[in-house]
Amino acid sequence: MLRLPRAVYEGMAAHAVAEYPRECCGFLTGTDGLDGPDSPDDPTEPVDPVDPVDPVESVDPESWRVHRCRNIQDELHAKDPAEHPRDARTAYAFSREDMERLFFGKFDPPGARVQGFYHSHPDAPAYFSEKDRMDALTGWLDPEPGYLVLSVTKDAVSDIKMFRWVDDETGFEELPVELV
């Protein structure tokens with residue numbers, strides 16, 4: 001389960017509504033903490049390898065930050081519609097600057113890393129589409145970040161779902177999201 005701070009959710013939701021009817025995109029950063037339900041009381045105590053703490057549950061949610069990115073899908077579509085048949089209403093692409101910030105940026109607080117990516121589906125359900133699966137950055141970051149999808153209409157976000165890469169055989173699994 002992902003215990004998502006309400007302020008982080010509200011930041012993503014505001015971004016999704018502001019970009020409507022285009023898809024919004026961005027990423028979340030934060031530090032690791034040992035605050036999951038199965039965490040040891042002593043942070044110096046090693047985690048039991050037989051029952052490891054779920055990396056999504058062990059994230060320190062108070063350290064999370066929303067990083068809005070610029071969706072350049074309309075620009076790509078206008079430049080080469082054969083190569084990029086979708087526009088920003090049904091697809092997203094991070095700008096080069098955002099990709100550089102993502103891979104080479106220093107994040108606050110110190111020790112923060114990329115925890116997840118998010119994007120919206122205007123007037124569509126929050127699901128992990130085949131295109132979302134193909135575009136996912138699996139194998140680029142360790143540990144693997146989660147993927148959040150927001151269902152947005154003109155005025156509000158109506159649903160949010162999270163997906164996490166498991167392995168080549170399983171693919172992605174949906175995890176419940178709890179706002180805290």
# chains A, B, ... in the order shown; residues from 1 in each chain; ligands from 1
>>> residues_around(residues="A:Glu173", least_positions_apart="5", cutoff="10 Å", atoms="only C-alpha atoms", output="list in words")
Phe128, Gly146, Met162, Phe163, Arg164, Trp165, Val166 and Asp167 of chain A
>>> write_last_selection(atoms="C-alpha atoms", output="PDB file, in the first residue's frame")
ATOM      1  CA  PHE A 128      -2.105   1.666 -16.565  1.00  0.00           C
ATOM      2  CA  GLY A 146       5.982   3.628  -8.687  1.00  0.00           C
ATOM      3  CA  MET A 162      -0.609   3.292  -8.353  1.00  0.00           C
ATOM      4  CA  PHE A 163       1.265   0.634 -10.273  1.00  0.00           C
ATOM      5  CA  ARG A 164       4.624  -0.921  -9.451  1.00  0.00           C
ATOM      6  CA  TRP A 165       6.989  -3.036 -11.539  1.00  0.00           C
ATOM      7  CA  VAL A 166       7.435  -6.510 -10.072  1.00  0.00           C
ATOM      8  CA  ASP A 167       9.471  -8.534 -12.592  1.00  0.00           C
TER       9      ASP A 167
END
>>> residues_around(residues="A:Phe107", least_positions_apart="2", cutoff="12 Å", atoms="only C-alpha atoms", output="ChimeraX atom specification")
/A:27-31,63-67,101-105,109-115
>>> closest_residue(among="A:Arg96, A:Pro122, A:Asp168, A:Asp159", to="A:Thr138", atoms="only C-alpha atoms")
A:Asp168
>>> residues_around(residues="stretch 3-12 of chain A", least_positions_apart="6", cutoff="9 Å", atoms="only C-alpha atoms", output="list in words")
Cys24, Cys25, Gly26, Leu28, Val56, Glu57, Val59, Pro61, Glu62, Trp64, Arg65, Val66, His67, Arg68, Tyr118, His119, Ser120, Leu150, Ile160, Pro176, Val177, Glu178, Leu179 and Val180 of chain A
>>> select_by_dssp(residues="chain A", states="helix (DSSP H, G or I)", output="JSON list (two decimals) with N, CA, C and O atoms, in the first residue's frame")
[["chain", "number", "residue", "atom", "x", "y", "z"],
["A", 6, "ARG", "N", -1.77, 13.77, 1.84],
["A", 6, "ARG", "CA", -2.83, 14.53, 1.17],
["A", 6, "ARG", "C", -2.25, 15.73, 0.42],
["A", 6, "ARG", "O", -2.69, 16.05, -0.68],
["A", 7, "ALA", "N", -1.24, 16.41, 0.98],
["A", 7, "ALA", "CA", -0.65, 17.58, 0.32],
["A", 7, "ALA", "C", -0.01, 17.19, -1.01],
["A", 7, "ALA", "O", -0.07, 17.95, -1.99],
["A", 8, "VAL", "N", 0.61, 16.02, -1.07],
["A", 8, "VAL", "CA", 1.22, 15.54, -2.32],
["A", 8, "VAL", "C", 0.13, 15.23, -3.33],
["A", 8, "VAL", "O", 0.20, 15.61, -4.51],
["A", 9, "TYR", "N", -0.92, 14.53, -2.88],
["A", 9, "TYR", "CA", -2.06, 14.25, -3.76],
["A", 9, "TYR", "C", -2.65, 15.55, -4.30],
["A", 9, "TYR", "O", -2.91, 15.67, -5.50],
["A", 10, "GLU", "N", -2.85, 16.52, -3.43],
["A", 10, "GLU", "CA", -3.44, 17.80, -3.85],
["A", 10, "GLU", "C", -2.55, 18.52, -4.86],
["A", 10, "GLU", "O", -3.05, 19.16, -5.78],
["A", 11, "GLY", "N", -1.23, 18.40, -4.69],
["A", 11, "GLY", "CA", -0.31, 19.00, -5.66],
["A", 11, "GLY", "C", -0.43, 18.36, -7.04],
["A", 11, "GLY", "O", -0.46, 19.06, -8.06],
["A", 12, "MET", "N", -0.51, 17.03, -7.07],
["A", 12, "MET", "CA", -0.69, 16.33, -8.35],
["A", 12, "MET", "C", -2.05, 16.64, -8.95],
["A", 12, "MET", "O", -2.18, 16.88, -10.16],
["A", 13, "ALA", "N", -3.10, 16.65, -8.11],
["A", 13, "ALA", "CA", -4.46, 16.92, -8.60],
["A", 13, "ALA", "C", -4.57, 18.32, -9.17],
["A", 13, "ALA", "O", -5.18, 18.53, -10.23],
["A", 14, "ALA", "N", -3.97, 19.31, -8.50],
["A", 14, "ALA", "CA", -3.99, 20.68, -9.01],
["A", 14, "ALA", "C", -3.29, 20.76, -10.36],
["A", 14, "ALA", "O", -3.75, 21.46, -11.27],
["A", 15, "HIS", "N", -2.19, 20.04, -10.51],
["A", 15, "HIS", "CA", -1.47, 20.01, -11.79],
["A", 15, "HIS", "C", -2.35, 19.39, -12.88],
["A", 15, "HIS", "O", -2.44, 19.92, -13.99],
["A", 16, "ALA", "N", -3.01, 18.29, -12.56],
["A", 16, "ALA", "CA", -3.88, 17.61, -13.53],
["A", 16, "ALA", "C", -5.02, 18.52, -13.99],
["A", 16, "ALA", "O", -5.31, 18.60, -15.19],
["A", 17, "VAL", "N", -5.67, 19.21, -13.06],
["A", 17, "VAL", "CA", -6.77, 20.10, -13.40],
["A", 17, "VAL", "C", -6.25, 21.30, -14.21],
["A", 17, "VAL", "O", -6.88, 21.72, -15.19],
["A", 18, "ALA", "N", -5.10, 21.84, -13.84],
["A", 18, "ALA", "CA", -4.53, 22.99, -14.56],
["A", 18, "ALA", "C", -4.18, 22.65, -16.00],
["A", 18, "ALA", "O", -4.31, 23.50, -16.89],
["A", 19, "GLU", "N", -3.75, 21.43, -16.25],
["A", 19, "GLU", "CA", -3.36, 21.02, -17.60],
["A", 19, "GLU", "C", -4.53, 20.51, -18.45],
["A", 19, "GLU", "O", -4.40, 20.37, -19.65],
["A", 61, "PRO", "N", 6.85, 9.61, 3.89],
["A", 61, "PRO", "CA", 5.94, 10.45, 3.11],
["A", 61, "PRO", "C", 6.04, 11.94, 3.42],
["A", 61, "PRO", "O", 5.70, 12.76, 2.59],
["A", 62, "GLU", "N", 6.52, 12.30, 4.60],
["A", 62, "GLU", "CA", 6.64, 13.72, 4.94],
["A", 62, "GLU", "C", 7.71, 14.42, 4.11],
["A", 62, "GLU", "O", 7.72, 15.63, 4.01],
["A", 63, "SER", "N", 8.63, 13.66, 3.53],
["A", 63, "SER", "CA", 9.72, 14.27, 2.75],
["A", 63, "SER", "C", 9.37, 14.37, 1.27],
["A", 63, "SER", "O", 10.16, 14.88, 0.50],
["A", 73, "GLN", "N", 4.31, 16.62, -25.65],
["A", 73, "GLN", "CA", 3.71, 15.73, -26.65],
["A", 73, "GLN", "C", 3.11, 16.50, -27.82],
["A", 73, "GLN", "O", 3.24, 16.07, -28.97],
["A", 74, "ASP", "N", 2.46, 17.64, -27.58],
["A", 74, "ASP", "CA", 1.90, 18.43, -28.69],
["A", 74, "ASP", "C", 3.00, 18.90, -29.64],
["A", 74, "ASP", "O", 2.82, 18.88, -30.86],
["A", 75, "GLU", "N", 4.14, 19.30, -29.10],
["A", 75, "GLU", "CA", 5.26, 19.74, -29.94],
["A", 75, "GLU", "C", 5.79, 18.58, -30.79],
["A", 75, "GLU", "O", 6.07, 18.76, -31.98],
["A", 76, "LEU", "N", 5.94, 17.41, -30.17],
["A", 76, "LEU", "CA", 6.41, 16.24, -30.90],
["A", 76, "LEU", "C", 5.43, 15.85, -32.00],
["A", 76, "LEU", "O", 5.83, 15.55, -33.13],
["A", 77, "HIS", "N", 4.15, 15.89, -31.69],
["A", 77, "HIS", "CA", 3.10, 15.54, -32.66],
["A", 77, "HIS", "C", 3.10, 16.53, -33.83],
["A", 77, "HIS", "O", 2.99, 16.12, -34.99],
["A", 78, "ALA", "N", 3.23, 17.83, -33.53],
["A", 78, "ALA", "CA", 3.23, 18.84, -34.59],
["A", 78, "ALA", "C", 4.45, 18.69, -35.50],
["A", 78, "ALA", "O", 4.35, 18.87, -36.72],
["A", 79, "LYS", "N", 5.59, 18.35, -34.94],
["A", 79, "LYS", "CA", 6.82, 18.20, -35.71],
["A", 79, "LYS", "C", 6.81, 16.95, -36.59],
["A", 79, "LYS", "O", 7.27, 16.98, -37.72],
["A", 96, "ARG", "N", 13.22, 17.74, -22.30],
["A", 96, "ARG", "CA", 14.64, 17.40, -22.07],
["A", 96, "ARG", "C", 15.11, 17.95, -20.72],
["A", 96, "ARG", "O", 15.82, 17.27, -19.97],
["A", 97, "GLU", "N", 14.72, 19.18, -20.42],
["A", 97, "GLU", "CA", 15.12, 19.81, -19.16],
["A", 97, "GLU", "C", 14.59, 19.01, -17.96],
["A", 97, "GLU", "O", 15.31, 18.82, -16.98],
["A", 98, "ASP", "N", 13.37, 18.55, -18.08],
["A", 98, "ASP", "CA", 12.79, 17.76, -16.99],
["A", 98, "ASP", "C", 13.48, 16.41, -16.86],
["A", 98, "ASP", "O", 13.70, 15.92, -15.75],
["A", 99, "MET", "N", 13.84, 15.79, -17.98],
["A", 99, "MET", "CA", 14.56, 14.51, -17.92],
["A", 99, "MET", "C", 15.93, 14.71, -17.28],
["A", 99, "MET", "O", 16.37, 13.88, -16.49],
["A", 100, "GLU", "N", 16.62, 15.80, -17.60],
["A", 100, "GLU", "CA", 17.92, 16.08, -16.98],
["A", 100, "GLU", "C", 17.76, 16.31, -15.48],
["A", 100, "GLU", "O", 18.55, 15.82, -14.68],
["A", 101, "ARG", "N", 16.73, 17.05, -15.10],
["A", 101, "ARG", "CA", 16.46, 17.29, -13.67],
["A", 101, "ARG", "C", 16.15, 15.96, -12.97],
["A", 101, "ARG", "O", 16.63, 15.70, -11.87],
["A", 102, "LEU", "N", 15.40, 15.11, -13.66],
["A", 102, "LEU", "CA", 15.03, 13.81, -13.11],
["A", 102, "LEU", "C", 16.26, 12.94, -12.84],
["A", 102, "LEU", "O", 16.40, 12.37, -11.77],
["A", 103, "PHE", "N", 17.15, 12.84, -13.82],
["A", 103, "PHE", "CA", 18.29, 11.93, -13.69],
["A", 103, "PHE", "C", 19.52, 12.55, -13.03],
["A", 103, "PHE", "O", 20.33, 11.82, -12.45],
["A", 104, "PHE", "N", 19.67, 13.87, -13.11],
["A", 104, "PHE", "CA", 20.89, 14.48, -12.58],
["A", 104, "PHE", "C", 20.64, 15.51, -11.48],
["A", 104, "PHE", "O", 21.58, 16.10, -10.98],
["A", 130, "GLU", "N", -1.49, 0.16, -22.05],
["A", 130, "GLU", "CA", -0.39, -0.53, -22.71],
["A", 130, "GLU", "C", 0.72, 0.46, -23.06],
["A", 130, "GLU", "O", 1.89, 0.16, -22.93],
["A", 131, "LYS", "N", 0.36, 1.68, -23.49],
["A", 131, "LYS", "CA", 1.36, 2.71, -23.77],
["A", 131, "LYS", "C", 2.11, 3.09, -22.49],
["A", 131, "LYS", "O", 3.33, 3.26, -22.52],
["A", 132, "ASP", "N", 1.39, 3.20, -21.37],
["A", 132, "ASP", "CA", 2.04, 3.51, -20.10],
["A", 132, "ASP", "C", 3.07, 2.42, -19.76],
["A", 132, "ASP", "O", 4.18, 2.71, -19.32],
["A", 133, "ARG", "N", 2.70, 1.17, -19.98],
["A", 133, "ARG", "CA", 3.61, 0.06, -19.71],
["A", 133, "ARG", "C", 4.85, 0.14, -20.60],
["A", 133, "ARG", "O", 5.97, -0.07, -20.15],
["A", 134, "MET", "N", 4.65, 0.45, -21.87],
["A", 134, "MET", "CA", 5.77, 0.51, -22.81],
["A", 134, "MET", "C", 6.70, 1.68, -22.50],
["A", 134, "MET", "O", 7.91, 1.59, -22.69],
["A", 135, "ASP", "N", 6.13, 2.80, -22.02],
["A", 135, "ASP", "CA", 6.93, 4.00, -21.75],
["A", 135, "ASP", "C", 7.58, 4.00, -20.37],
["A", 135, "ASP", "O", 8.39, 4.87, -20.07]]
>>> atom_distance(atom1="atom CA of A:Asn71", atom2="atom CA of A:Glu144")
22.2 Å
>>> select_by_dssp(residues="chain A", states="strand (DSSP E or B)", output="PyMOL selection string")
chain A and resi 2-4+25-30+32+59+65-69+71+94+113-122+146-152+157-167+171-175+177-179
>>> atom_distance(atom1="atom CA of A:Ala156", atom2="atom CA of A:Tyr20")
9.6 Å
>>> closest_residue(among="A:Glu174, A:Asp123, A:Asp80, A:Glu23", to="A:Ser151", atoms="only C-alpha atoms")
A:Asp123
